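Heads up, structure11.pdb below (PDB, C-alpha atoms and all ligand atoms):
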ATOM      1  CA  ARG A  30     140.167  91.000  37.819  1.00  0.00           C
ATOM      2  CA  MET A  31     140.301  93.225  40.914  1.00  0.00           C
ATOM      3  CA  LEU A  32     136.917  94.741  39.988  1.00  0.00           C
ATOM      4  CA  MET A  33     135.290  91.337  39.609  1.00  0.00           C
ATOM      5  CA  THR A  34     136.600  90.241  42.976  1.00  0.00           C
ATOM      6  CA  ALA A  35     135.140  93.363  44.546  1.00  0.00           C
ATOM      7  CA  ARG A  36     131.742  92.621  42.972  1.00  0.00           C
ATOM      8  CA  VAL A  37     131.759  89.102  44.335  1.00  0.00           C
ATOM      9  CA  CYS A  38     132.525  90.510  47.787  1.00  0.00           C
ATOM     10  CA  VAL A  39     129.602  92.942  47.545  1.00  0.00           C
ATOM     11  CA  ALA A  40     127.283  90.130  46.487  1.00  0.00           C
ATOM     12  CA  ALA A  41     128.466  87.962  49.382  1.00  0.00           C
ATOM     13  CA  ALA A  42     127.974  90.799  51.865  1.00  0.00           C
ATOM     14  CA  MET A  43     124.379  91.234  50.720  1.00  0.00           C
ATOM     15  CA  SER A  44     123.345  87.703  51.658  1.00  0.00           C
ATOM     16  CA  THR A  45     122.335  87.945  55.310  1.00  0.00           C
ATOM     17  CA  ASP A  46     124.051  85.805  57.880  1.00  0.00           C
ATOM     18  CA  TYR A  47     122.008  85.052  60.995  1.00  0.00           C
ATOM     19  CA  VAL A  48     123.570  84.174  64.331  1.00  0.00           C
ATOM     20  CA  ILE A  49     120.710  81.716  64.830  1.00  0.00           C
ATOM     21  CA  PRO A  50     118.867  80.051  61.899  1.00  0.00           C
ATOM     22  CA  PRO A  51     115.616  81.916  61.111  1.00  0.00           C
ATOM     23  CA  PRO A  52     112.485  80.259  62.521  1.00  0.00           C
ATOM     24  CA  PRO A  53     110.246  78.342  60.118  1.00  0.00           C
ATOM     25  CA  THR A  54     107.556  80.406  58.368  1.00  0.00           C
ATOM     26  CA  PRO A  55     104.184  79.744  60.051  1.00  0.00           C
ATOM     27  CA  SER A  56     101.651  78.597  57.469  1.00  0.00           C
ATOM     28  CA  ALA A  57      98.191  77.151  57.004  1.00  0.00           C
ATOM     29  CA  ALA A  58      96.768  74.361  54.857  1.00  0.00           C
ATOM     30  CA  ILE A  59      94.702  75.288  51.803  1.00  0.00           C
ATOM     31  CA  HIS A  60      91.784  73.044  50.882  1.00  0.00           C
ATOM     32  CA  GLY A  61      92.404  70.964  47.771  1.00  0.00           C
ATOM     33  CA  THR A  62      96.121  71.679  47.272  1.00  0.00           C
ATOM     34  CA  SER A  63      99.467  70.872  48.879  1.00  0.00           C
ATOM     35  CA  GLU A  64     100.436  74.549  48.605  1.00  0.00           C
ATOM     36  CA  ARG A  65     100.327  76.450  51.888  1.00  0.00           C
ATOM     37  CA  PHE A  66      99.310  79.943  52.972  1.00  0.00           C
ATOM     38  CA  ALA A  67     102.247  81.746  54.637  1.00  0.00           C
ATOM     39  CA  LEU A  68     101.071  83.558  57.750  1.00  0.00           C
ATOM     40  CA  ARG A  69     102.107  87.081  58.721  1.00  0.00           C
ATOM     41  CA  ARG A  70      99.889  88.165  61.631  1.00  0.00           C
ATOM     42  CA  VAL A  71      96.738  86.995  63.401  1.00  0.00           C
ATOM     43  CA  LEU A  72      94.297  89.818  64.188  1.00  0.00           C
ATOM     44  CA  CYS A  73      91.164  89.128  66.223  1.00  0.00           C
ATOM     45  CA  VAL A  74      87.898  91.006  66.738  1.00  0.00           C
ATOM     46  CA  GLY A  75      86.950  91.241  70.408  1.00  0.00           C
ATOM     47  CA  ARG A  76      83.146  91.000  70.406  1.00  0.00           C
ATOM     48  CA  ASN A  77      81.181  90.610  67.224  1.00  0.00           C
ATOM     49  CA  TYR A  78      78.005  88.661  68.081  1.00  0.00           C
ATOM     50  CA  ALA A  79      75.424  90.336  70.342  1.00  0.00           C
ATOM     51  CA  ALA A  80      74.616  87.159  72.298  1.00  0.00           C
ATOM     52  CA  HIS A  81      78.299  86.603  73.151  1.00  0.00           C
ATOM     53  CA  ALA A  82      78.735  90.248  74.195  1.00  0.00           C
ATOM     54  CA  ARG A  83      75.787  89.766  76.570  1.00  0.00           C
ATOM     55  CA  GLU A  84      77.232  86.562  78.061  1.00  0.00           C
ATOM     56  CA  MET A  85      80.489  88.449  78.718  1.00  0.00           C
ATOM     57  CA  GLY A  86      78.503  91.062  80.627  1.00  0.00           C
ATOM     58  CA  GLN A  87      78.716  93.766  77.962  1.00  0.00           C
ATOM     59  CA  ASP A  88      76.070  95.835  76.240  1.00  0.00           C
ATOM     60  CA  PRO A  89      75.980  94.629  72.635  1.00  0.00           C
ATOM     61  CA  GLU A  90      75.473  98.056  71.096  1.00  0.00           C
ATOM     62  CA  ARG A  91      77.300  98.779  67.900  1.00  0.00           C
ATOM     63  CA  ASP A  92      80.410 100.359  69.373  1.00  0.00           C
ATOM     64  CA  PRO A  93      83.355 100.431  66.998  1.00  0.00           C
ATOM     65  CA  PRO A  94      85.007  96.988  66.879  1.00  0.00           C
ATOM     66  CA  PHE A  95      88.193  96.491  68.886  1.00  0.00           C
ATOM     67  CA  PHE A  96      91.087  94.221  68.064  1.00  0.00           C
ATOM     68  CA  PHE A  97      93.829  92.150  69.634  1.00  0.00           C
ATOM     69  CA  ALA A  98      96.517  89.925  68.142  1.00  0.00           C
ATOM     70  CA  LYS A  99      98.015  86.485  68.441  1.00  0.00           C
ATOM     71  CA  PRO A 100     101.446  85.516  67.141  1.00  0.00           C
ATOM     72  CA  ALA A 101     101.453  83.819  63.730  1.00  0.00           C
ATOM     73  CA  ASP A 102     103.189  80.797  65.219  1.00  0.00           C
ATOM     74  CA  SER A 103     100.233  80.166  67.554  1.00  0.00           C
ATOM     75  CA  VAL A 104      98.391  78.817  64.475  1.00  0.00           C
ATOM     76  CA  PHE A 105      98.482  75.100  63.643  1.00  0.00           C
ATOM     77  CA  ASP A 106      96.638  72.718  61.336  1.00  0.00           C
ATOM     78  CA  ALA A 107      93.549  71.181  62.912  1.00  0.00           C
ATOM     79  CA  HIS A 108      91.378  70.033  60.029  1.00  0.00           C
ATOM     80  CA  PRO A 109      89.385  66.968  61.096  1.00  0.00           C
ATOM     81  CA  SER A 110      91.459  64.267  59.356  1.00  0.00           C
ATOM     82  CA  LEU A 111      94.609  65.212  61.333  1.00  0.00           C
ATOM     83  CA  GLY A 112      93.610  64.299  64.893  1.00  0.00           C
ATOM     84  CA  ALA A 113      95.385  67.411  66.206  1.00  0.00           C
ATOM     85  CA  SER A 114      95.676  67.958  69.925  1.00  0.00           C
ATOM     86  CA  ILE A 115      97.024  70.353  72.511  1.00  0.00           C
ATOM     87  CA  VAL A 116      98.335  69.853  75.988  1.00  0.00           C
ATOM     88  CA  TYR A 117      96.364  71.904  78.525  1.00  0.00           C
ATOM     89  CA  PRO A 118      98.194  75.261  78.555  1.00  0.00           C
ATOM     90  CA  PRO A 119     100.095  76.497  81.615  1.00  0.00           C
ATOM     91  CA  LEU A 120      99.003  79.027  84.249  1.00  0.00           C
ATOM     92  CA  THR A 121      95.256  78.638  83.632  1.00  0.00           C
ATOM     93  CA  GLU A 122      92.403  76.708  85.201  1.00  0.00           C
ATOM     94  CA  ASN A 123      89.806  78.034  82.756  1.00  0.00           C
ATOM     95  CA  LEU A 124      90.771  77.375  79.126  1.00  0.00           C
ATOM     96  CA  HIS A 125      87.854  78.436  76.877  1.00  0.00           C
ATOM     97  CA  HIS A 126      86.843  77.551  73.322  1.00  0.00           C
ATOM     98  CA  GLU A 127      85.744  80.230  70.837  1.00  0.00           C
ATOM     99  CA  ILE A 128      84.823  79.122  67.296  1.00  0.00           C
ATOM    100  CA  GLU A 129      85.283  81.852  64.694  1.00  0.00           C
ATOM    101  CA  LEU A 130      85.297  82.487  60.973  1.00  0.00           C
ATOM    102  CA  ALA A 131      88.888  83.269  59.928  1.00  0.00           C
ATOM    103  CA  VAL A 132      89.554  85.517  56.938  1.00  0.00           C
ATOM    104  CA  ALA A 133      92.859  85.101  55.072  1.00  0.00           C
ATOM    105  CA  ILE A 134      94.092  88.309  53.454  1.00  0.00           C
ATOM    106  CA  GLY A 135      95.663  87.827  50.022  1.00  0.00           C
ATOM    107  CA  ILE A 136      96.147  91.398  48.774  1.00  0.00           C
ATOM    108  CA  ALA A 137      97.722  94.277  50.692  1.00  0.00           C
ATOM    109  CA  GLY A 138      95.842  97.460  51.489  1.00  0.00           C
ATOM    110  CA  ARG A 139      95.307 100.361  53.867  1.00  0.00           C
ATOM    111  CA  ASP A 140      92.225 102.524  54.313  1.00  0.00           C
ATOM    112  CA  ILE A 141      90.235  99.996  52.320  1.00  0.00           C
ATOM    113  CA  PRO A 142      86.609 101.069  51.707  1.00  0.00           C
ATOM    114  CA  PRO A 143      84.054  98.435  52.795  1.00  0.00           C
ATOM    115  CA  GLY A 144      82.839  98.143  49.209  1.00  0.00           C
ATOM    116  CA  GLN A 145      86.281  96.986  48.049  1.00  0.00           C
ATOM    117  CA  ALA A 146      87.277  95.013  51.147  1.00  0.00           C
ATOM    118  CA  LEU A 147      86.299  91.554  49.926  1.00  0.00           C
ATOM    119  CA  ASP A 148      88.626  91.950  46.920  1.00  0.00           C
ATOM    120  CA  HIS A 149      91.502  91.638  49.439  1.00  0.00           C
ATOM    121  CA  VAL A 150      90.341  88.241  50.766  1.00  0.00           C
ATOM    122  CA  PHE A 151      92.158  85.092  49.668  1.00  0.00           C
ATOM    123  CA  GLY A 152      89.884  82.691  51.515  1.00  0.00           C
ATOM    124  CA  TYR A 153      88.120  81.545  54.664  1.00  0.00           C
ATOM    125  CA  ALA A 154      88.645  78.922  57.356  1.00  0.00           C
ATOM    126  CA  PRO A 155      87.193  77.850  60.699  1.00  0.00           C
ATOM    127  CA  ALA A 156      89.450  78.778  63.638  1.00  0.00           C
ATOM    128  CA  LEU A 157      89.484  78.487  67.406  1.00  0.00           C
ATOM    129  CA  ASP A 158      90.444  81.518  69.486  1.00  0.00           C
ATOM    130  CA  LEU A 159      91.566  79.537  72.536  1.00  0.00           C
ATOM    131  CA  THR A 160      91.462  81.764  75.606  1.00  0.00           C
ATOM    132  CA  ARG A 161      92.878  81.527  79.116  1.00  0.00           C
ATOM    133  CA  ARG A 162      89.719  83.168  80.462  1.00  0.00           C
ATOM    134  CA  ASP A 163      90.945  83.487  84.033  1.00  0.00           C
ATOM    135  CA  LEU A 164      94.092  85.323  82.923  1.00  0.00           C
ATOM    136  CA  GLN A 165      92.043  87.543  80.593  1.00  0.00           C
ATOM    137  CA  LYS A 166      89.584  88.456  83.369  1.00  0.00           C
ATOM    138  CA  ALA A 167      92.355  89.168  85.868  1.00  0.00           C
ATOM    139  CA  ALA A 168      94.115  91.410  83.340  1.00  0.00           C
ATOM    140  CA  LYS A 169      90.874  93.273  82.550  1.00  0.00           C
ATOM    141  CA  ALA A 170      90.224  93.862  86.259  1.00  0.00           C
ATOM    142  CA  LYS A 171      93.682  95.414  86.694  1.00  0.00           C
ATOM    143  CA  GLY A 172      93.563  97.410  83.454  1.00  0.00           C
ATOM    144  CA  HIS A 173      96.477  95.313  82.159  1.00  0.00           C
ATOM    145  CA  PRO A 174      96.851  94.035  78.574  1.00  0.00           C
ATOM    146  CA  TRP A 175      94.938  90.819  77.781  1.00  0.00           C
ATOM    147  CA  GLU A 176      97.963  89.550  75.916  1.00  0.00           C
ATOM    148  CA  PHE A 177      98.671  86.364  77.830  1.00  0.00           C
ATOM    149  CA  GLY A 178      94.999  85.441  78.089  1.00  0.00           C
ATOM    150  CA  LYS A 179      94.908  85.199  74.305  1.00  0.00           C
ATOM    151  CA  ALA A 180      98.367  85.011  72.751  1.00  0.00           C
ATOM    152  CA  PHE A 181      99.847  81.769  74.076  1.00  0.00           C
ATOM    153  CA  ASP A 182     101.438  78.799  72.350  1.00  0.00           C
ATOM    154  CA  ARG A 183      99.077  76.816  70.087  1.00  0.00           C
ATOM    155  CA  SER A 184      96.179  79.163  70.879  1.00  0.00           C
ATOM    156  CA  ALA A 185      94.860  79.247  67.288  1.00  0.00           C
ATOM    157  CA  PRO A 186      93.914  75.816  65.855  1.00  0.00           C
ATOM    158  CA  LEU A 187      92.864  76.289  62.225  1.00  0.00           C
ATOM    159  CA  GLY A 188      90.963  74.257  59.649  1.00  0.00           C
ATOM    160  CA  ALA A 189      92.011  74.327  55.994  1.00  0.00           C
ATOM    161  CA  ILE A 190      91.615  77.657  54.198  1.00  0.00           C
ATOM    162  CA  VAL A 191      89.079  77.469  51.369  1.00  0.00           C
ATOM    163  CA  PRO A 192      89.811  79.993  48.591  1.00  0.00           C
ATOM    164  CA  ALA A 193      87.108  82.587  47.977  1.00  0.00           C
ATOM    165  CA  ALA A 194      87.573  81.686  44.318  1.00  0.00           C
ATOM    166  CA  GLN A 195      85.843  78.394  45.198  1.00  0.00           C
ATOM    167  CA  ILE A 196      83.155  79.412  47.696  1.00  0.00           C
ATOM    168  CA  GLY A 197      82.684  83.150  47.268  1.00  0.00           C
ATOM    169  CA  HIS A 198      82.251  85.325  50.359  1.00  0.00           C
ATOM    170  CA  PRO A 199      79.886  83.697  52.882  1.00  0.00           C
ATOM    171  CA  THR A 200      77.406  86.019  54.629  1.00  0.00           C
ATOM    172  CA  ARG A 201      75.287  83.339  56.257  1.00  0.00           C
ATOM    173  CA  GLY A 202      75.948  79.846  57.580  1.00  0.00           C
ATOM    174  CA  ARG A 203      75.896  78.058  60.926  1.00  0.00           C
ATOM    175  CA  VAL A 204      78.857  78.636  63.230  1.00  0.00           C
ATOM    176  CA  TRP A 205      78.994  75.724  65.651  1.00  0.00           C
ATOM    177  CA  LEU A 206      81.117  73.942  68.212  1.00  0.00           C
ATOM    178  CA  GLU A 207      80.690  70.625  70.025  1.00  0.00           C
ATOM    179  CA  VAL A 208      82.588  69.298  73.032  1.00  0.00           C
ATOM    180  CA  ASN A 209      82.444  65.497  73.349  1.00  0.00           C
ATOM    181  CA  GLY A 210      79.475  65.498  70.965  1.00  0.00           C
ATOM    182  CA  ASP A 211      77.413  68.106  72.870  1.00  0.00           C
ATOM    183  CA  VAL A 212      76.627  71.369  71.067  1.00  0.00           C
ATOM    184  CA  ARG A 213      78.111  74.250  73.057  1.00  0.00           C
ATOM    185  CA  GLN A 214      78.257  77.138  70.603  1.00  0.00           C
ATOM    186  CA  GLU A 215      75.810  78.003  67.887  1.00  0.00           C
ATOM    187  CA  GLY A 216      75.342  81.110  65.834  1.00  0.00           C
ATOM    188  CA  ASP A 217      75.154  82.270  62.248  1.00  0.00           C
ATOM    189  CA  LEU A 218      77.414  84.451  60.136  1.00  0.00           C
ATOM    190  CA  SER A 219      74.367  86.615  59.424  1.00  0.00           C
ATOM    191  CA  GLU A 220      74.505  87.682  63.112  1.00  0.00           C
ATOM    192  CA  LEU A 221      77.929  89.326  62.867  1.00  0.00           C
ATOM    193  CA  ILE A 222      77.660  92.856  64.315  1.00  0.00           C
ATOM    194  CA  TRP A 223      80.479  93.978  62.000  1.00  0.00           C
ATOM    195  CA  SER A 224      80.558  92.218  58.636  1.00  0.00           C
ATOM    196  CA  VAL A 225      83.790  90.821  57.182  1.00  0.00           C
ATOM    197  CA  ALA A 226      83.996  93.813  54.823  1.00  0.00           C
ATOM    198  CA  GLU A 227      83.476  96.272  57.683  1.00  0.00           C
ATOM    199  CA  VAL A 228      86.089  94.511  59.848  1.00  0.00           C
ATOM    200  CA  ILE A 229      88.642  94.743  57.028  1.00  0.00           C
ATOM    201  CA  ALA A 230      87.811  98.418  56.505  1.00  0.00           C
ATOM    202  CA  GLU A 231      88.151  99.225  60.229  1.00  0.00           C
ATOM    203  CA  LEU A 232      91.400  97.285  60.628  1.00  0.00           C
ATOM    204  CA  SER A 233      92.984  98.781  57.529  1.00  0.00           C
ATOM    205  CA  ALA A 234      92.201 102.294  58.773  1.00  0.00           C
ATOM    206  CA  SER A 235      94.478 101.544  61.727  1.00  0.00           C
ATOM    207  CA  ILE A 236      97.205  99.320  60.278  1.00  0.00           C
ATOM    208  CA  ALA A 237      98.265  98.307  56.775  1.00  0.00           C
ATOM    209  CA  LEU A 238      97.017  94.838  55.918  1.00  0.00           C
ATOM    210  CA  ALA A 239      99.276  92.512  53.943  1.00  0.00           C
ATOM    211  CA  PRO A 240      99.134  89.049  52.390  1.00  0.00           C
ATOM    212  CA  GLY A 241      99.358  86.433  55.113  1.00  0.00           C
ATOM    213  CA  ASP A 242      97.300  88.345  57.648  1.00  0.00           C
ATOM    214  CA  LEU A 243      94.577  86.197  59.213  1.00  0.00           C
ATOM    215  CA  ILE A 244      91.565  87.881  60.804  1.00  0.00           C
ATOM    216  CA  LEU A 245      89.451  86.047  63.385  1.00  0.00           C
ATOM    217  CA  THR A 246      86.024  87.658  63.235  1.00  0.00           C
ATOM    218  CA  GLY A 247      84.637  86.965  66.720  1.00  0.00           C
ATOM    219  CA  THR A 248      82.710  84.143  68.370  1.00  0.00           C
ATOM    220  CA  PRO A 249      78.995  83.455  68.910  1.00  0.00           C
ATOM    221  CA  ALA A 250      77.506  82.726  72.345  1.00  0.00           C
ATOM    222  CA  GLY A 251      78.211  79.577  74.303  1.00  0.00           C
ATOM    223  CA  VAL A 252      81.905  79.923  75.134  1.00  0.00           C
ATOM    224  CA  GLY A 253      82.965  77.630  77.931  1.00  0.00           C
ATOM    225  CA  PRO A 254      85.724  75.554  79.463  1.00  0.00           C
ATOM    226  CA  LEU A 255      87.778  72.748  77.954  1.00  0.00           C
ATOM    227  CA  ASN A 256      89.269  70.005  80.098  1.00  0.00           C
ATOM    228  CA  PRO A 257      91.934  67.346  79.600  1.00  0.00           C
ATOM    229  CA  GLY A 258      90.408  64.444  77.668  1.00  0.00           C
ATOM    230  CA  ASP A 259      87.887  66.605  75.802  1.00  0.00           C
ATOM    231  CA  THR A 260      87.374  66.367  72.057  1.00  0.00           C
ATOM    232  CA  VAL A 261      86.244  69.466  70.164  1.00  0.00           C
ATOM    233  CA  ARG A 262      84.583  69.494  66.769  1.00  0.00           C
ATOM    234  CA  ALA A 263      83.660  72.844  65.273  1.00  0.00           C
ATOM    235  CA  GLY A 264      83.047  74.559  62.006  1.00  0.00           C
ATOM    236  CA  VAL A 265      81.444  77.155  59.831  1.00  0.00           C
ATOM    237  CA  GLU A 266      78.765  75.956  57.417  1.00  0.00           C
ATOM    238  CA  GLY A 267      79.875  76.418  53.830  1.00  0.00           C
ATOM    239  CA  VAL A 268      83.530  76.861  54.844  1.00  0.00           C
ATOM    240  CA  GLY A 269      84.695  73.751  56.702  1.00  0.00           C
ATOM    241  CA  ALA A 270      85.397  72.111  60.027  1.00  0.00           C
ATOM    242  CA  LEU A 271      88.178  71.461  62.505  1.00  0.00           C
ATOM    243  CA  ALA A 272      88.794  68.969  65.273  1.00  0.00           C
ATOM    244  CA  LEU A 273      90.963  69.205  68.364  1.00  0.00           C
ATOM    245  CA  GLY A 274      91.715  66.981  71.305  1.00  0.00           C
ATOM    246  CA  VAL A 275      92.898  68.173  74.703  1.00  0.00           C
ATOM    247  CA  ALA A 276      95.508  65.679  75.895  1.00  0.00           C
ATOM    248  CA  ARG A 277      95.318  64.078  79.335  1.00  0.00           C
ATOM    249  CA  ASP A 278      98.725  65.470  80.384  1.00  0.00           C
TER     250      ASP A 278
HETATM  251 MN    MN B 301      87.496  85.493  70.045  1.00  0.00          MN
END

Step by step, read the file and then write its structure as structure tokens.
Ligand code: MN
Amino acid sequence: RMLMTARVCVAAAMSTDYVIPPPPTPSAAIHGTSERFALRRVLCVGRNYAAHAREMGQDPERDPPFFFAKPADSVFDAHPSLGASIVYPPLTENLHHEIELAVAIGIAGRDIPPGQALDHVFGYAPALDLTRRDLQKAAKAKGHPWEFGKAFDRSAPLGAIVPAAQIGHPTRGRVWLEVNGDVRQEGDLSELIWSVAEVIAELSASIALAPGDLILTGTPAGVGPLNPGDTVRAGVEGVGALALGVARD
């Protein structure tokens, strides 16, 4: 009887008690099912379309890609039927839209060769990399981290993830964004400087990728400001669309 009591105590000690309840697991909608994709990290490619590199004042040569991150809980559902919105974020007067193809990682890996990289992909979604451009530029000028230009609350609206099992691995398709019905961004997946497979290979040479990682693959030209009252519609042909309103305070 003493031994059994001791075992019960060991079992009880192994269940973790938290001083504060753990936060909810960030997750994303999956097209065609009520099941959700649990999110681990959001990793973003800095410049991956030549025309956008040029508009940011950079030479679009094929330098190695560079990466930054957003917190997983900056992601929220924004597929068009939801009517999702944000309040204009604090400390900026130049909130920018960037439409991007998002890649959801389903299988862990490190040092993944490009030829095997797509085997690690669960699916694809359209995403916005919302950017406080003024904070990003000020940080760049001072040699400070971009962090708060990119990684703020609700900075990653996401459409539903479509499994690669349904659509394959898109290599072409229009990437577009409209503000109040006017086309602002237009490009094509075929213009990616670094392909999805190459991005996965580069990232996984630096950090181990794991299920739940979401990679934003860069934005085409035409980034610009959003203002209170604006309505954004955006998408990636063959993958899906998203919609977002910017609330009037
Ligand atoms: Mn971006």

Go through chain A residue by residue and, counting only C-alpha atoms and all ligand atoms, keep those with an atom at most 10 Å from ligand MN 301 (chain B); for each kept residue give the shortest atom pair and its distance in Å to one decimal, ordered by chain and increasing number, as JSON lines.
{"residue": "A:Leu72", "atom": "CA", "partner": "B:MN301", "partner_atom": "MN", "distance": 10.0}
{"residue": "A:Cys73", "atom": "CA", "partner": "B:MN301", "partner_atom": "MN", "distance": 6.4}
{"residue": "A:Val74", "atom": "CA", "partner": "B:MN301", "partner_atom": "MN", "distance": 6.4}
{"residue": "A:Gly75", "atom": "CA", "partner": "B:MN301", "partner_atom": "MN", "distance": 5.8}
{"residue": "A:Arg76", "atom": "CA", "partner": "B:MN301", "partner_atom": "MN", "distance": 7.0}
{"residue": "A:Asn77", "atom": "CA", "partner": "B:MN301", "partner_atom": "MN", "distance": 8.6}
{"residue": "A:His81", "atom": "CA", "partner": "B:MN301", "partner_atom": "MN", "distance": 9.8}
{"residue": "A:Phe96", "atom": "CA", "partner": "B:MN301", "partner_atom": "MN", "distance": 9.6}
{"residue": "A:Phe97", "atom": "CA", "partner": "B:MN301", "partner_atom": "MN", "distance": 9.2}
{"residue": "A:His125", "atom": "CA", "partner": "B:MN301", "partner_atom": "MN", "distance": 9.8}
{"residue": "A:His126", "atom": "CA", "partner": "B:MN301", "partner_atom": "MN", "distance": 8.6}
{"residue": "A:Glu127", "atom": "CA", "partner": "B:MN301", "partner_atom": "MN", "distance": 5.6}
{"residue": "A:Ile128", "atom": "CA", "partner": "B:MN301", "partner_atom": "MN", "distance": 7.4}
{"residue": "A:Glu129", "atom": "CA", "partner": "B:MN301", "partner_atom": "MN", "distance": 6.8}
{"residue": "A:Leu130", "atom": "CA", "partner": "B:MN301", "partner_atom": "MN", "distance": 9.8}
{"residue": "A:Ala156", "atom": "CA", "partner": "B:MN301", "partner_atom": "MN", "distance": 9.5}
{"residue": "A:Leu157", "atom": "CA", "partner": "B:MN301", "partner_atom": "MN", "distance": 7.7}
{"residue": "A:Asp158", "atom": "CA", "partner": "B:MN301", "partner_atom": "MN", "distance": 5.0}
{"residue": "A:Leu159", "atom": "CA", "partner": "B:MN301", "partner_atom": "MN", "distance": 7.6}
{"residue": "A:Thr160", "atom": "CA", "partner": "B:MN301", "partner_atom": "MN", "distance": 7.8}
{"residue": "A:Lys179", "atom": "CA", "partner": "B:MN301", "partner_atom": "MN", "distance": 8.6}
{"residue": "A:Leu245", "atom": "CA", "partner": "B:MN301", "partner_atom": "MN", "distance": 7.0}
{"residue": "A:Thr246", "atom": "CA", "partner": "B:MN301", "partner_atom": "MN", "distance": 7.3}
{"residue": "A:Gly247", "atom": "CA", "partner": "B:MN301", "partner_atom": "MN", "distance": 4.6}
{"residue": "A:Thr248", "atom": "CA", "partner": "B:MN301", "partner_atom": "MN", "distance": 5.2}
{"residue": "A:Pro249", "atom": "CA", "partner": "B:MN301", "partner_atom": "MN", "distance": 8.8}
{"residue": "A:Val252", "atom": "CA", "partner": "B:MN301", "partner_atom": "MN", "distance": 9.4}

Just to be explicit: take each residue in the selection above, keep C-alpha atoms, and write the result as an mmCIF file, keeping the file's coordinate frame.
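As written to disk, selection-v7.cif reads:
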data_model
loop_
_atom_site.group_PDB
_atom_site.id
_atom_site.type_symbol
_atom_site.label_atom_id
_atom_site.label_comp_id
_atom_site.auth_asym_id
_atom_site.auth_seq_id
_atom_site.Cartn_x
_atom_site.Cartn_y
_atom_site.Cartn_z
ATOM 1 C CA LEU A 72 94.297 89.818 64.188
ATOM 2 C CA CYS A 73 91.164 89.128 66.223
ATOM 3 C CA VAL A 74 87.898 91.006 66.738
ATOM 4 C CA GLY A 75 86.950 91.241 70.408
ATOM 5 C CA ARG A 76 83.146 91.000 70.406
ATOM 6 C CA ASN A 77 81.181 90.610 67.224
ATOM 7 C CA HIS A 81 78.299 86.603 73.151
ATOM 8 C CA PHE A 96 91.087 94.221 68.064
ATOM 9 C CA PHE A 97 93.829 92.150 69.634
ATOM 10 C CA HIS A 125 87.854 78.436 76.877
ATOM 11 C CA HIS A 126 86.843 77.551 73.322
ATOM 12 C CA GLU A 127 85.744 80.230 70.837
ATOM 13 C CA ILE A 128 84.823 79.122 67.296
ATOM 14 C CA GLU A 129 85.283 81.852 64.694
ATOM 15 C CA LEU A 130 85.297 82.487 60.973
ATOM 16 C CA ALA A 156 89.450 78.778 63.638
ATOM 17 C CA LEU A 157 89.484 78.487 67.406
ATOM 18 C CA ASP A 158 90.444 81.518 69.486
ATOM 19 C CA LEU A 159 91.566 79.537 72.536
ATOM 20 C CA THR A 160 91.462 81.764 75.606
ATOM 21 C CA LYS A 179 94.908 85.199 74.305
ATOM 22 C CA LEU A 245 89.451 86.047 63.385
ATOM 23 C CA THR A 246 86.024 87.658 63.235
ATOM 24 C CA GLY A 247 84.637 86.965 66.720
ATOM 25 C CA THR A 248 82.710 84.143 68.370
ATOM 26 C CA PRO A 249 78.995 83.455 68.910
ATOM 27 C CA VAL A 252 81.905 79.923 75.134
#

Determine, for each residue of segment 153-203 of chain A having at least one atom at most 7 Å from an atom of segment 55-70 of chain A, the closest pair of atoms and their separation in Å to one decimal, counting all atoms listed in the file; order by chain and ascending number, as JSON lines.
{"residue": "A:Ala189", "atom": "CA", "partner": "A:Ala58", "partner_atom": "CA", "distance": 4.9}
{"residue": "A:Ile190", "atom": "CA", "partner": "A:Ile59", "partner_atom": "CA", "distance": 4.6}
{"residue": "A:Val191", "atom": "CA", "partner": "A:His60", "partner_atom": "CA", "distance": 5.2}

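Distances here use all atoms listed in the file; by that measure, the residue among A:Glu84, A:Glu215, A:Asp46, A:Asp259 closest to Arg277 of chain A is A:Asp259.
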
What does the distance between atom CA of Val48 of chain A and atom CA of Phe181 of chain A come to in Å, to one decimal place? 25.8 Å

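Between atom CA of Ile141 of chain A and atom CA of Gly241 of chain A the interatomic distance comes to 16.6 Å.
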
Near-Gly267 of chain A list (10 Å; all atoms listed in the file; drop same-chain fewer than 4 positions) as number ranges by chain: A: 153-154, 191, 196-204

With all atoms listed in the file as the atoms that count, which of A:Asp106, A:Glu227, A:Asp88, A:Glu266 lies nearest to Ser184 of chain A? A:Asp106

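When all atoms listed in the file are used to compute distances to Pro109 of chain A, the closest of the residues A:Leu147, A:Leu271, A:Ala250, A:Ile229 turns out to be A:Leu271.
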
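The space between atom CA of Ala79 of chain A and atom CA of Val228 of chain A spans 15.5 Å.
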
Under the PyMOL selection byres (((chain A and resi 151) around 6) and not hetatm), which residues of this model are included? Write them out as number ranges by chain. A: 133-135, 150, 152, 192-193
